[in-house]
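**Student:** As input, take model-v4.txt (compact mmCIF, C-alpha atoms and all ligand atoms):
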```txt
# COMPACT_ATOMS: atom_id res chain seq x y z
CA MET A 1 90.43 84.28 76.12
CA THR A 2 86.82 85.12 76.95
CA PHE A 3 86.17 84.54 80.64
CA GLN A 4 82.93 83.54 82.31
CA ASN A 5 81.79 84.28 85.83
CA ASN A 6 80.63 80.83 86.86
CA LYS A 7 81.98 77.96 88.94
CA ALA A 8 82.16 75.38 86.17
CA PHE A 9 84.24 77.72 84.01
CA ALA A 10 86.64 78.47 86.90
CA GLN A 11 86.98 74.74 87.64
CA GLU A 12 87.76 74.09 83.99
CA LEU A 13 90.56 76.67 84.14
CA ASP A 14 91.94 74.86 87.19
CA LYS A 15 91.77 71.52 85.39
CA ASN A 16 93.95 72.92 82.61
CA ASP A 17 96.38 74.63 84.97
CA ALA A 18 99.86 73.05 84.85
CA LEU A 19 100.70 74.51 88.28
CA ALA A 20 97.49 73.37 90.01
CA LYS A 21 99.30 70.56 91.83
CA TYR A 22 101.42 73.06 93.78
CA ARG A 23 98.36 74.24 95.71
CA ASP A 24 98.57 71.03 97.73
CA GLU A 25 102.13 71.86 98.68
CA PHE A 26 100.98 74.73 100.91
CA ILE A 27 99.25 74.97 104.27
CA PHE A 28 96.16 77.20 104.27
CA PRO A 29 94.73 78.77 107.42
CA ARG A 30 91.08 77.84 107.98
CA VAL A 31 88.10 80.07 108.70
CA ASN A 32 84.59 78.66 109.27
CA ASP A 33 86.04 75.14 108.76
CA LYS A 34 87.19 75.95 105.24
CA ASN A 35 90.54 76.82 103.69
CA VAL A 36 90.75 80.57 103.29
CA ILE A 37 91.03 82.36 99.96
CA TYR A 38 94.50 83.79 100.49
CA PHE A 39 95.24 87.12 98.81
CA THR A 40 98.13 88.30 100.98
CA GLY A 41 101.04 86.38 99.52
CA ASN A 42 102.42 89.83 98.63
CA SER A 43 102.77 90.41 102.37
CA LEU A 44 103.50 86.97 103.84
CA GLY A 45 103.48 83.87 101.64
CA LEU A 46 101.91 80.62 102.86
CA GLN A 47 104.00 77.92 104.46
CA PRO A 48 105.13 75.16 102.07
CA LYS A 49 104.70 71.67 103.50
CA ARG A 50 108.32 70.92 102.52
CA THR A 51 109.66 73.57 104.89
CA LYS A 52 109.44 71.71 108.18
CA ALA A 53 111.71 68.88 106.99
CA TYR A 54 114.44 71.37 106.02
CA ILE A 55 114.32 72.98 109.46
CA ASP A 56 114.18 69.59 111.18
CA GLU A 57 117.27 68.53 109.26
CA ILE A 58 119.23 71.39 110.79
CA MET A 59 117.79 70.74 114.27
CA ASP A 60 118.83 67.07 113.95
CA ASP A 61 122.31 67.92 112.68
CA TRP A 62 122.71 70.41 115.50
CA ALA A 63 121.58 67.77 118.05
CA ASN A 64 123.80 65.03 116.63
CA LEU A 65 126.85 66.95 115.52
CA ALA A 66 126.81 70.23 117.45
CA VAL A 67 129.73 72.37 116.25
CA GLU A 68 130.83 69.72 113.78
CA GLY A 69 127.70 70.54 111.81
CA HIS A 70 129.53 73.50 110.30
CA PHE A 71 131.48 71.03 108.15
CA TYR A 72 129.73 67.66 108.47
CA ALA A 73 126.03 68.44 108.50
CA ASN A 74 124.01 66.94 105.69
CA LYS A 75 124.09 70.43 104.16
CA PRO A 76 127.18 71.91 105.84
CA TRP A 77 126.52 75.25 107.47
CA TRP A 78 129.77 77.06 106.72
CA ASP A 79 128.91 77.50 103.06
CA TYR A 80 125.13 76.99 103.23
CA GLN A 81 124.57 80.17 101.22
CA GLU A 82 126.27 78.65 98.17
CA ARG A 83 123.24 76.44 97.62
CA PHE A 84 121.26 79.54 96.73
CA ALA A 85 123.54 80.98 94.09
CA ALA A 86 122.46 78.94 91.06
CA PRO A 87 118.67 78.75 91.60
CA LEU A 88 118.38 82.30 92.91
CA SER A 89 120.40 83.68 90.01
CA ARG A 90 117.88 82.12 87.62
CA ILE A 91 114.98 83.68 89.53
CA VAL A 92 116.38 87.22 89.36
CA GLY A 93 118.23 87.03 86.04
CA ALA A 94 121.77 87.21 87.37
CA LYS A 95 125.03 85.29 87.30
CA PRO A 96 125.42 82.98 90.32
CA SER A 97 128.32 85.07 91.64
CA GLU A 98 126.12 88.19 91.61
CA VAL A 99 123.64 86.99 94.25
CA THR A 100 123.76 85.89 97.85
CA VAL A 101 121.46 85.71 100.88
CA MET A 102 122.01 87.47 104.18
CA ASN A 103 120.40 89.69 106.83
CA THR A 104 117.03 91.29 106.11
CA LEU A 105 115.88 93.69 103.43
CA THR A 106 116.23 97.18 104.91
CA VAL A 107 119.51 96.20 106.54
CA ASN A 108 120.83 95.05 103.17
CA LEU A 109 119.70 98.20 101.40
CA HIS A 110 121.61 100.21 104.01
CA LEU A 111 124.70 98.06 103.50
CA LEU A 112 124.49 98.39 99.73
CA MET A 113 124.08 102.14 100.00
CA VAL A 114 127.37 102.22 101.87
CA SER A 115 128.91 101.02 98.61
CA PHE A 116 126.69 102.68 96.04
CA TYR A 117 125.66 106.02 97.50
CA GLN A 118 128.85 108.04 97.38
CA PRO A 119 127.75 111.69 97.27
CA LYS A 120 130.50 114.03 96.11
CA GLY A 121 130.42 117.76 95.38
CA LYS A 122 127.19 118.67 93.67
CA ARG A 123 126.34 115.03 92.84
CA PHE A 124 124.48 114.08 96.02
CA LYS A 125 120.82 113.63 95.11
CA ILE A 126 118.74 110.45 95.27
CA ILE A 127 115.68 109.90 93.12
CA CYS A 128 112.95 107.69 94.55
CA GLU A 129 109.21 107.33 94.03
CA ALA A 130 106.78 109.45 96.05
CA LYS A 131 105.01 107.34 98.67
CA ALA A 132 107.74 104.70 98.59
CA PHE A 133 107.40 101.97 101.22
CA PRO A 134 108.00 103.76 104.55
CA SER A 135 111.07 101.71 105.44
CA ASP A 136 112.70 102.87 102.19
CA GLN A 137 111.82 106.47 102.97
CA TYR A 138 113.35 106.23 106.46
CA MET A 139 116.36 104.39 105.09
CA ILE A 140 117.05 107.00 102.41
CA GLN A 141 116.48 109.93 104.79
CA SER A 142 118.87 108.48 107.34
CA GLN A 143 121.55 107.72 104.73
CA VAL A 144 121.36 111.26 103.40
CA LYS A 145 121.64 112.71 106.91
CA PHE A 146 124.50 110.34 107.70
CA HIS A 147 126.42 111.93 104.81
CA GLY A 148 125.63 115.40 106.17
CA TYR A 149 122.95 116.46 103.67
CA ASN A 150 119.49 117.87 104.16
CA PRO A 151 116.87 115.30 103.04
CA ASN A 152 114.70 118.12 101.64
CA GLU A 153 117.48 119.01 99.22
CA ALA A 154 118.95 115.59 98.58
CA ILE A 155 115.81 113.48 98.05
CA VAL A 156 113.95 113.99 94.79
CA GLU A 157 110.58 112.24 94.70
CA ILE A 158 108.79 111.36 91.49
CA GLN A 159 105.17 112.37 91.92
CA ARG A 160 102.02 110.96 90.41
CA ARG A 161 100.15 113.41 88.21
CA GLU A 162 97.02 115.02 89.64
CA GLY A 163 94.15 112.50 89.53
CA GLU A 164 96.41 109.56 88.52
CA HIS A 165 97.27 106.54 90.65
CA ASN A 166 100.45 105.43 88.92
CA ILE A 167 103.74 107.05 88.05
CA ARG A 168 104.42 107.62 84.37
CA LEU A 169 107.68 106.32 82.92
CA GLU A 170 108.14 109.58 81.03
CA ASP A 171 108.00 111.47 84.34
CA VAL A 172 110.68 109.22 85.85
CA LEU A 173 112.93 109.77 82.84
CA GLU A 174 112.29 113.51 82.87
CA LYS A 175 113.16 113.74 86.57
CA ILE A 176 116.40 111.85 85.94
CA ARG A 177 117.33 114.19 83.04
CA GLU A 178 116.37 117.25 85.06
CA THR A 179 118.47 116.20 88.07
CA GLY A 180 121.37 115.43 85.70
CA ASP A 181 124.81 115.91 87.20
CA GLU A 182 123.38 116.38 90.68
CA LEU A 183 122.11 112.82 90.65
CA ALA A 184 124.07 110.26 92.68
CA LEU A 185 121.57 107.43 92.92
CA VAL A 186 118.21 106.21 91.65
CA LEU A 187 116.56 103.84 94.14
CA ILE A 188 112.98 102.77 93.47
CA GLY A 189 110.77 99.81 94.38
CA GLY A 190 110.63 97.64 91.22
CA VAL A 191 106.98 96.87 91.96
CA ASN A 192 105.13 99.49 93.97
CA TYR A 193 103.80 97.95 97.18
CA TYR A 194 100.59 100.01 97.21
CA THR A 195 99.39 99.98 93.61
CA GLY A 196 101.22 96.94 92.25
CA GLN A 197 102.69 99.04 89.41
CA VAL A 198 105.72 97.40 87.77
CA PHE A 199 108.40 99.88 86.69
CA ASP A 200 110.36 99.59 83.46
CA MET A 201 113.60 98.81 85.23
CA LYS A 202 115.64 98.37 82.07
CA THR A 203 114.82 101.81 80.70
CA ILE A 204 115.11 103.58 84.06
CA THR A 205 118.46 101.92 84.79
CA ARG A 206 119.81 103.03 81.43
CA ALA A 207 118.60 106.60 81.98
CA GLY A 208 120.16 106.71 85.47
CA HIS A 209 123.50 105.59 84.05
CA GLU A 210 123.31 108.15 81.25
CA ALA A 211 123.01 110.80 83.95
CA GLY A 212 126.16 109.39 85.58
CA ALA A 213 124.33 107.92 88.59
CA LYS A 214 124.16 104.49 90.16
CA VAL A 215 120.85 102.62 90.00
CA GLY A 216 119.55 100.20 92.62
CA TRP A 217 116.18 98.48 93.09
CA ASP A 218 114.16 97.40 96.10
CA LEU A 219 112.68 94.16 94.79
CA ALA A 220 110.53 93.24 97.81
CA HIS A 221 107.45 92.89 95.62
CA ALA A 222 109.30 91.75 92.52
CA ALA A 223 111.36 88.70 93.54
CA GLY A 224 109.45 85.55 92.66
CA ASN A 225 106.73 87.66 91.08
CA ILE A 226 108.11 89.16 87.87
CA LYS A 227 110.69 88.36 85.26
CA LEU A 228 113.93 90.07 86.20
CA GLU A 229 117.08 90.42 84.11
CA LEU A 230 119.24 92.23 86.62
CA HIS A 231 122.55 91.41 84.95
CA ASP A 232 121.49 92.29 81.42
CA TRP A 233 119.71 95.45 82.55
CA ASP A 234 123.05 96.48 84.03
CA VAL A 235 121.49 97.16 87.43
CA ASP A 236 124.18 98.17 89.94
CA PHE A 237 122.62 96.59 93.01
CA ALA A 238 119.32 95.25 94.32
CA ALA A 239 117.88 93.59 97.40
CA TRP A 240 114.65 91.79 98.21
CA CYS A 241 112.97 89.97 101.04
CA SER A 242 111.93 86.33 100.86
CA TYR A 243 108.80 86.25 102.97
CA LYS A 244 106.34 87.59 100.37
CA TYR A 245 106.12 85.77 97.05
CA MET A 246 108.96 83.47 98.06
CA ASN A 247 107.19 81.96 101.07
CA SER A 248 110.17 81.68 103.39
CA GLY A 249 108.42 82.72 106.62
CA PRO A 250 107.85 85.86 108.68
CA GLY A 251 110.62 88.45 108.64
CA ASN A 252 112.95 86.06 106.90
CA ALA A 253 116.23 86.49 105.06
CA SER A 254 116.94 88.83 102.19
CA GLY A 255 118.71 88.31 98.90
CA ILE A 256 121.10 90.77 97.31
CA PHE A 257 122.45 91.39 93.83
CA VAL A 258 125.70 93.17 93.07
CA HIS A 259 126.60 93.48 89.40
CA GLU A 260 129.76 91.60 88.45
CA LYS A 261 131.41 94.79 87.20
CA TYR A 262 132.03 95.65 90.86
CA HIS A 263 133.34 92.28 91.99
CA ASN A 264 137.00 93.07 91.56
CA ASP A 265 136.71 96.59 92.87
CA LYS A 266 138.26 96.00 96.25
CA ASP A 267 138.33 99.75 96.91
CA LEU A 268 134.54 100.05 96.85
CA PRO A 269 133.59 101.10 100.37
CA ARG A 270 131.67 98.47 102.29
CA PHE A 271 131.02 97.41 105.85
CA ALA A 272 132.92 94.20 106.38
CA GLY A 273 132.70 91.08 108.52
CA TRP A 274 134.38 87.69 108.52
CA TRP A 275 131.76 85.96 106.36
CA GLY A 276 132.62 88.34 103.52
CA HIS A 277 136.31 87.46 103.76
CA ASN A 278 138.07 85.39 101.11
CA LYS A 279 136.49 81.96 101.63
CA GLU A 280 139.62 79.83 101.37
CA ARG A 281 141.22 81.85 104.14
CA ARG A 282 138.23 82.69 106.32
CA PHE A 283 139.33 80.46 109.18
CA LYS A 284 142.93 81.61 109.12
CA MET A 285 141.75 84.54 111.24
CA GLU A 286 143.84 87.07 109.32
CA PRO A 287 143.93 90.69 110.47
CA ASP A 288 143.12 92.37 107.14
CA PHE A 289 139.88 92.07 105.22
CA ASP A 290 140.15 90.56 101.75
CA PRO A 291 136.63 90.49 100.27
CA ALA A 292 135.37 87.27 98.72
CA ASN A 293 134.76 87.57 95.02
CA GLY A 294 131.18 88.42 94.08
CA ALA A 295 128.13 89.35 96.11
CA GLU A 296 129.42 87.10 98.91
CA GLY A 297 132.01 89.78 99.59
CA TRP A 298 129.15 91.80 101.13
CA GLN A 299 128.36 89.10 103.71
CA ILE A 300 129.12 90.11 107.27
CA SER A 301 128.14 87.51 109.86
CA ASN A 302 128.07 83.74 109.89
CA LEU A 303 124.84 82.43 108.49
CA PRO A 304 121.57 82.01 110.38
CA VAL A 305 121.02 78.62 108.72
CA LEU A 306 117.77 77.95 110.59
CA THR A 307 116.22 80.91 108.83
CA LEU A 308 117.88 80.17 105.50
CA ALA A 309 116.44 76.64 105.40
CA PRO A 310 112.88 77.75 104.52
CA TYR A 311 114.28 80.10 101.91
CA LEU A 312 116.21 77.22 100.36
CA VAL A 313 112.98 75.24 100.08
CA SER A 314 111.50 78.17 98.26
CA VAL A 315 114.27 78.79 95.72
CA GLU A 316 114.33 75.08 94.92
CA MET A 317 110.58 75.10 94.33
CA PHE A 318 110.76 78.19 92.13
CA ASP A 319 113.61 76.65 90.19
CA GLU A 320 111.62 73.45 89.68
CA ILE A 321 108.73 75.45 88.18
CA GLY A 322 110.63 78.21 86.37
CA MET A 323 109.64 81.85 86.25
CA ASP A 324 108.15 81.58 82.75
CA ALA A 325 105.53 79.00 83.77
CA LEU A 326 104.76 80.96 86.89
CA ILE A 327 104.30 84.19 84.97
CA GLU A 328 102.05 82.52 82.40
CA LYS A 329 99.65 81.47 85.16
CA ARG A 330 100.10 84.77 87.00
CA ASN A 331 98.91 86.72 83.97
CA LYS A 332 95.90 84.49 83.47
CA ILE A 333 94.73 84.38 87.08
CA THR A 334 95.26 88.13 87.53
CA ALA A 335 93.24 88.81 84.39
CA TYR A 336 90.52 86.45 85.66
CA LEU A 337 90.41 88.24 89.01
CA GLU A 338 90.14 91.58 87.20
CA PHE A 339 87.27 90.18 85.11
CA ILE A 340 85.47 88.91 88.24
CA LEU A 341 85.85 92.32 89.92
CA HIS A 342 84.33 94.07 86.92
CA GLU A 343 81.48 91.57 86.70
CA ILE A 344 80.58 92.03 90.36
CA ASP A 345 80.90 95.78 89.99
CA LYS A 346 78.35 95.66 87.17
CA GLU A 347 76.00 93.31 89.03
CA VAL A 348 75.83 95.29 92.27
CA LYS A 349 76.56 98.75 90.85
CA SER A 350 79.32 99.28 93.36
CA THR A 351 81.84 102.06 93.43
CA PHE A 352 85.18 100.35 93.69
CA GLU A 353 88.03 101.10 91.33
CA VAL A 354 91.06 98.99 90.39
CA ILE A 355 94.03 101.36 90.63
CA THR A 356 96.67 98.90 89.40
CA PRO A 357 97.66 99.47 85.76
CA THR A 358 95.54 97.54 83.27
CA ASN A 359 98.49 96.97 80.95
CA PRO A 360 99.83 93.44 81.77
CA ASP A 361 103.43 94.70 81.28
CA GLU A 362 102.94 97.17 84.09
CA ARG A 363 101.46 94.88 86.70
CA ALA A 364 102.11 91.46 88.15
CA SER A 365 100.42 89.46 90.87
CA GLN A 366 98.51 92.24 92.61
CA LEU A 367 95.36 94.22 92.04
CA SER A 368 94.77 97.14 94.40
CA VAL A 369 91.16 98.09 94.77
CA LEU A 370 90.06 101.50 95.94
CA LEU A 371 86.81 101.14 97.89
CA HIS A 372 85.12 104.48 97.32
CA GLY A 373 81.87 103.57 99.00
CA GLU A 374 82.12 100.50 101.21
CA GLY A 375 85.48 101.00 102.92
CA ARG A 376 86.60 99.23 106.03
CA SER A 377 83.32 97.41 106.73
CA LEU A 378 83.62 95.52 103.44
CA PHE A 379 87.18 94.54 104.32
CA ASP A 380 85.95 93.26 107.71
CA TYR A 381 83.16 91.30 106.01
CA LEU A 382 85.64 89.63 103.64
CA MET A 383 87.97 88.65 106.49
CA LYS A 384 85.08 87.18 108.52
CA ASN A 385 84.04 85.17 105.52
CA GLY A 386 87.40 83.57 104.84
CA VAL A 387 88.91 86.00 102.32
CA ILE A 388 92.30 87.09 103.63
CA THR A 389 93.24 90.38 102.08
CA ASP A 390 94.88 93.49 103.45
CA TRP A 391 93.83 97.00 104.17
CA ARG A 392 95.96 99.99 103.31
CA GLU A 393 94.99 103.49 104.42
CA PRO A 394 93.00 105.41 103.41
CA ASN A 395 90.73 102.84 101.68
CA VAL A 396 92.54 100.31 99.54
CA ILE A 397 92.46 96.53 99.68
CA ARG A 398 95.25 94.68 97.96
CA LEU A 399 94.54 91.35 96.31
CA ALA A 400 97.42 89.09 95.29
CA PRO A 401 96.19 86.01 93.40
CA VAL A 402 99.54 84.24 93.86
CA PRO A 403 99.90 81.70 91.02
CA LEU A 404 101.67 79.09 93.16
CA TYR A 405 98.72 78.38 95.41
CA CYS A 406 95.63 80.36 94.37
CA SER A 407 93.08 78.68 92.14
CA PHE A 408 90.71 80.07 89.53
CA GLU A 409 87.87 78.70 91.62
CA ASP A 410 89.13 80.88 94.49
CA MET A 411 88.63 83.90 92.23
CA TYR A 412 85.07 82.89 91.41
CA ASP A 413 84.25 82.15 95.08
CA PHE A 414 85.77 85.46 96.10
CA GLY A 415 83.49 87.27 93.64
CA GLN A 416 80.44 85.66 95.22
CA ILE A 417 81.55 86.59 98.75
CA LEU A 418 82.34 90.14 97.60
CA LYS A 419 78.92 90.48 96.04
CA ALA A 420 77.17 89.14 99.14
CA GLY A 421 79.22 91.53 101.28
CA ILE A 422 78.29 94.60 99.24
CA LEU A 423 74.60 93.64 99.15
CA HIS A 424 74.70 92.97 102.89
CA LEU A 425 76.22 96.39 103.60
CA HIS A 426 73.75 98.14 101.29
CA SER A 427 70.73 96.43 102.84
C1 LIG B 1 108.82 97.62 99.27
C2 LIG B 1 109.32 97.23 100.62
N1 LIG B 1 110.53 97.66 101.04
C3 LIG B 1 111.00 97.36 102.26
C4 LIG B 1 110.29 96.56 103.13
C5 LIG B 1 110.85 96.29 104.49
O1 LIG B 1 111.31 95.00 104.63
P1 LIG B 1 112.06 94.51 105.95
O2 LIG B 1 111.16 94.78 107.10
O3 LIG B 1 112.24 93.04 105.73
O4 LIG B 1 113.34 95.25 106.04
C6 LIG B 1 109.05 96.06 102.73
C7 LIG B 1 108.25 95.21 103.64
O5 LIG B 1 107.14 94.85 103.42
C8 LIG B 1 108.55 96.42 101.45
O6 LIG B 1 107.33 95.99 101.04
```
Show me, as structure tokens, the structure contained in the file I just sent.
Ligand SMILES: Cc1ncc(COP(=O)(O)O)c(C=O)c1O
**Tutor:**
Amino acid sequence: MTFQNNKAFAQELDKNDALAKYRDEFIFPRVNDKNVIYFTGNSLGLQPKRTKAYIDEIMDDWANLAVEGHFYANKPWWDYQERFAAPLSRIVGAKPSEVTVMNTLTVNLHLLMVSFYQPKGKRFKIICEAKAFPSDQYMIQSQVKFHGYNPNEAIVEIQRREGEHNIRLEDVLEKIRETGDELALVLIGGVNYYTGQVFDMKTITRAGHEAGAKVGWDLAHAAGNIKLELHDWDVDFAAWCSYKYMNSGPGNASGIFVHEKYHNDKDLPRFAGWWGHNKERRFKMEPDFDPANGAEGWQISNLPVLTLAPYLVSVEMFDEIGMDALIEKRNKITAYLEFILHEIDKEVKSTFEVITPTNPDERASQLSVLLHGEGRSLFDYLMKNGVITDWREPNVIRLAPVPLYCSFEDMYDFGQILKAGILHLHS
């Protein structure tokens, strides 16, 4: 499609957008008496209007039923997590038994590493991407030390080539081959938080297995953003948060995936708690742990249903729409944003650079823009003028045109504000 940088064209795209009606389902902050242009759904998604009712339902059940709510609430609390299995499995390409919701992301990655990072003899190394999200770096370093290894020897980072912003697949595969029988685990962010690069998880997972290692994915920036086929790709484990593309609220619950091939492996080490115990016998208060079948066997504590309620709203909404429809709009709106950026760049002869891959298969709902010239003052200008974006050191702004609630007109309006900002700073 040939795009145009004008308001009427953007409005026409919105008119033909099958997902346009969902914009009204979200609450936008306001700046200068106008709804903001919200580009930070990759950090914290907007609040769906449906969310409050789901929380109120639990507050009411708690008020009216107190402890009886565990079994007699409108959505009983004791097995609240089961409501997620079917819709969430469709979102991440899994079988319902392979997914569950619990805790928060880094906590879950730690818990999954208890099961899937089993260094032995010379096989003790972990491959991850250079400049991984800091929490992943700290998590991996602390796991390695916990097992008595030196992080400098045990952690193998895949570097970007000199002068390049993204990691090449061939370099990932080469690093896996090179590490060979010293490799215990590959653990990478499926979508890089800084550049928005989407990794070829299928190919990397296969290569990790060929080297005899386990392969897990941090899907913080992938869940609800890209098409995942975790079961078919034979991924061993994965975890993601729900507060970014899945709009479940600040710091909210995490989802996990454990491939079904491990479900009957009761010897797999894991940290246990009563909510992971065989469900039929959970309240018999037995002394010995008998893990529930499936990902639920990794549960530990009884469920924080007040925090799961907004996540349930989200998985139901995603299920209603379907990932395919979402991705169709995502590709179009991301391409339109890229077009707008290039148009403005030409008009004002600026010096910014989009560092996210241009290949649609290697990117999703994020464009990261390196501001060579304007830097932080341009970011401040955008924020003051109702464009909510985020700043990442040393000089990158990340723009996520989330398909659920961003409009094509937003992209056009953003271009005009960006242009005015650059001209203002140059004057
Ligand atoms: C890629 C990635 N991994 C891990 C985390 C940490 O998540 P949490 O604080 O929920 O553990 C984040 C948070 O933004 C992230 O983007």
**Student:** Just to confirm, what's the straight-line distance from atom CA of A:Asp390 to atom CA of A:Met102 in Å (one decimal)?
**Tutor:**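 Result for atom CA of A:Asp390 versus atom CA of A:Met102: 27.8 Å, one decimal.
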**Student:** My list of candidates is A:Ile27, A:Val186, A:Ala207, A:Ala222. Which is closest to ligand LIG 1 (chain B) when distances are computed with only C-alpha atoms and all ligand atoms?
**Tutor:** A:Ala222
**Student:** Nearest to A:Pro76: which of A:Val305, A:Ser115, A:Glu162, A:Glu25 is it, counting only C-alpha atoms?
**Tutor:**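 Nearest candidate to A:Pro76 out of A:Val305, A:Ser115, A:Glu162, A:Glu25: A:Val305.
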**Student:** Kindly compile the residues surrounding ligand LIG 1 (chain B) within 9 Å, counting only C-alpha atoms and all ligand atoms, and format them as a VMD selection string.
**Tutor:** chain A and resid 42 to 44 103 to 109 132 to 136 188 to 194 218 to 222 240 to 244 250 to 254
**Student:** Given only C-alpha atoms as the basis, pick out the residue of A:Lys15, A:Arg50, A:Arg90, A:Lys7 nearest to A:Ala223.
**Tutor:**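 Checking each candidate against A:Ala223, we get A:Arg90 as the closest.
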**Student:** To one decimal place in Å, what is the distance between atom CA of A:Ala8 and atom CA of A:Lys332?
**Tutor:**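 Going from atom CA of A:Ala8 over to atom CA of A:Lys332, I get 16.7 Å.
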**Student:** Between A:Tyr54, A:Tyr245, A:Trp217, A:Phe199, which one has atoms that come closest to A:Asn166, using all atoms listed in the file?
**Tutor:**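 Closest candidate: A:Phe199.
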**Student:** Determine the nearest neighbour of A:Gly45 from the options A:Tyr311, A:Tyr72, A:Tyr381, A:Tyr138, counting all atoms listed in the file.
**Tutor:**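 Under the stated criterion, the closest residue is A:Tyr311.
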**Student:** Take atom CA of A:Gly276 and atom CA of A:Asn74 and report the distance between them in Å, one decimal.
**Tutor:**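 Atom-to-atom, atom CA of A:Gly276 and atom CA of A:Asn74 are spaced 23.2 Å apart.
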**Student:** Pick the closest to A:Met201 from A:Ala238, A:Val67, A:Ile126, A:Asp290: which is it, counting all atoms listed in the file?
**Tutor:** A:Ala238
**Student:** Find the spatial neighbours of A:Lys227, counting only C-alpha atoms, within a cut-off of 12 Å - ignore same-chain residues fewer than 4 positions away - and output them as a PyMOL selection string.
**Tutor:** chain A and resi 89-94+190-191+198-202+219+221-223+233+322-328+330-331+361-365
**Student:** I'd like the contact shell of A:Ile355 - 8 Å cut-off, only C-alpha atoms, skipping same-chain residues fewer than 2 positions apart - returned as a PDB file with C-alpha atoms, in the coordinates of the input.
**Tutor:**
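Final output, saved to selection-v4.pdb:
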```pdb
ATOM      1  CA  HIS A 165      97.270 106.540  90.650  1.00  0.00           C
ATOM      2  CA  ASN A 166     100.450 105.430  88.920  1.00  0.00           C
ATOM      3  CA  THR A 195      99.390  99.980  93.610  1.00  0.00           C
ATOM      4  CA  GLU A 353      88.030 101.100  91.330  1.00  0.00           C
ATOM      5  CA  PRO A 357      97.660  99.470  85.760  1.00  0.00           C
ATOM      6  CA  LEU A 367      95.360  94.220  92.040  1.00  0.00           C
ATOM      7  CA  SER A 368      94.770  97.140  94.400  1.00  0.00           C
ATOM      8  CA  VAL A 369      91.160  98.090  94.770  1.00  0.00           C
ATOM      9  CA  LEU A 370      90.060 101.500  95.940  1.00  0.00           C
TER      10      LEU A 370
END
```
**Student:** Please list, as a list in words, the residues that have an atom at most 8 Å away from (104.3, 109.6, 94.0) in the coordinates of this file, counting all atoms listed in the file.
**Tutor:**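 Within the cut-off we find Glu129, Ala130, Lys131, Ala132, Glu157, Ile158, Gln159, Arg160, Asn166 and Ile167 of chain A.
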**Student:** What's around A:Phe271 at 8 Å? Count all atoms listed in the file, leave out sequence neighbours fewer than 5 positions away in its own chain, and write the answer as a PyMOL selection string.
**Tutor:** chain A and resi 111+114+298+300
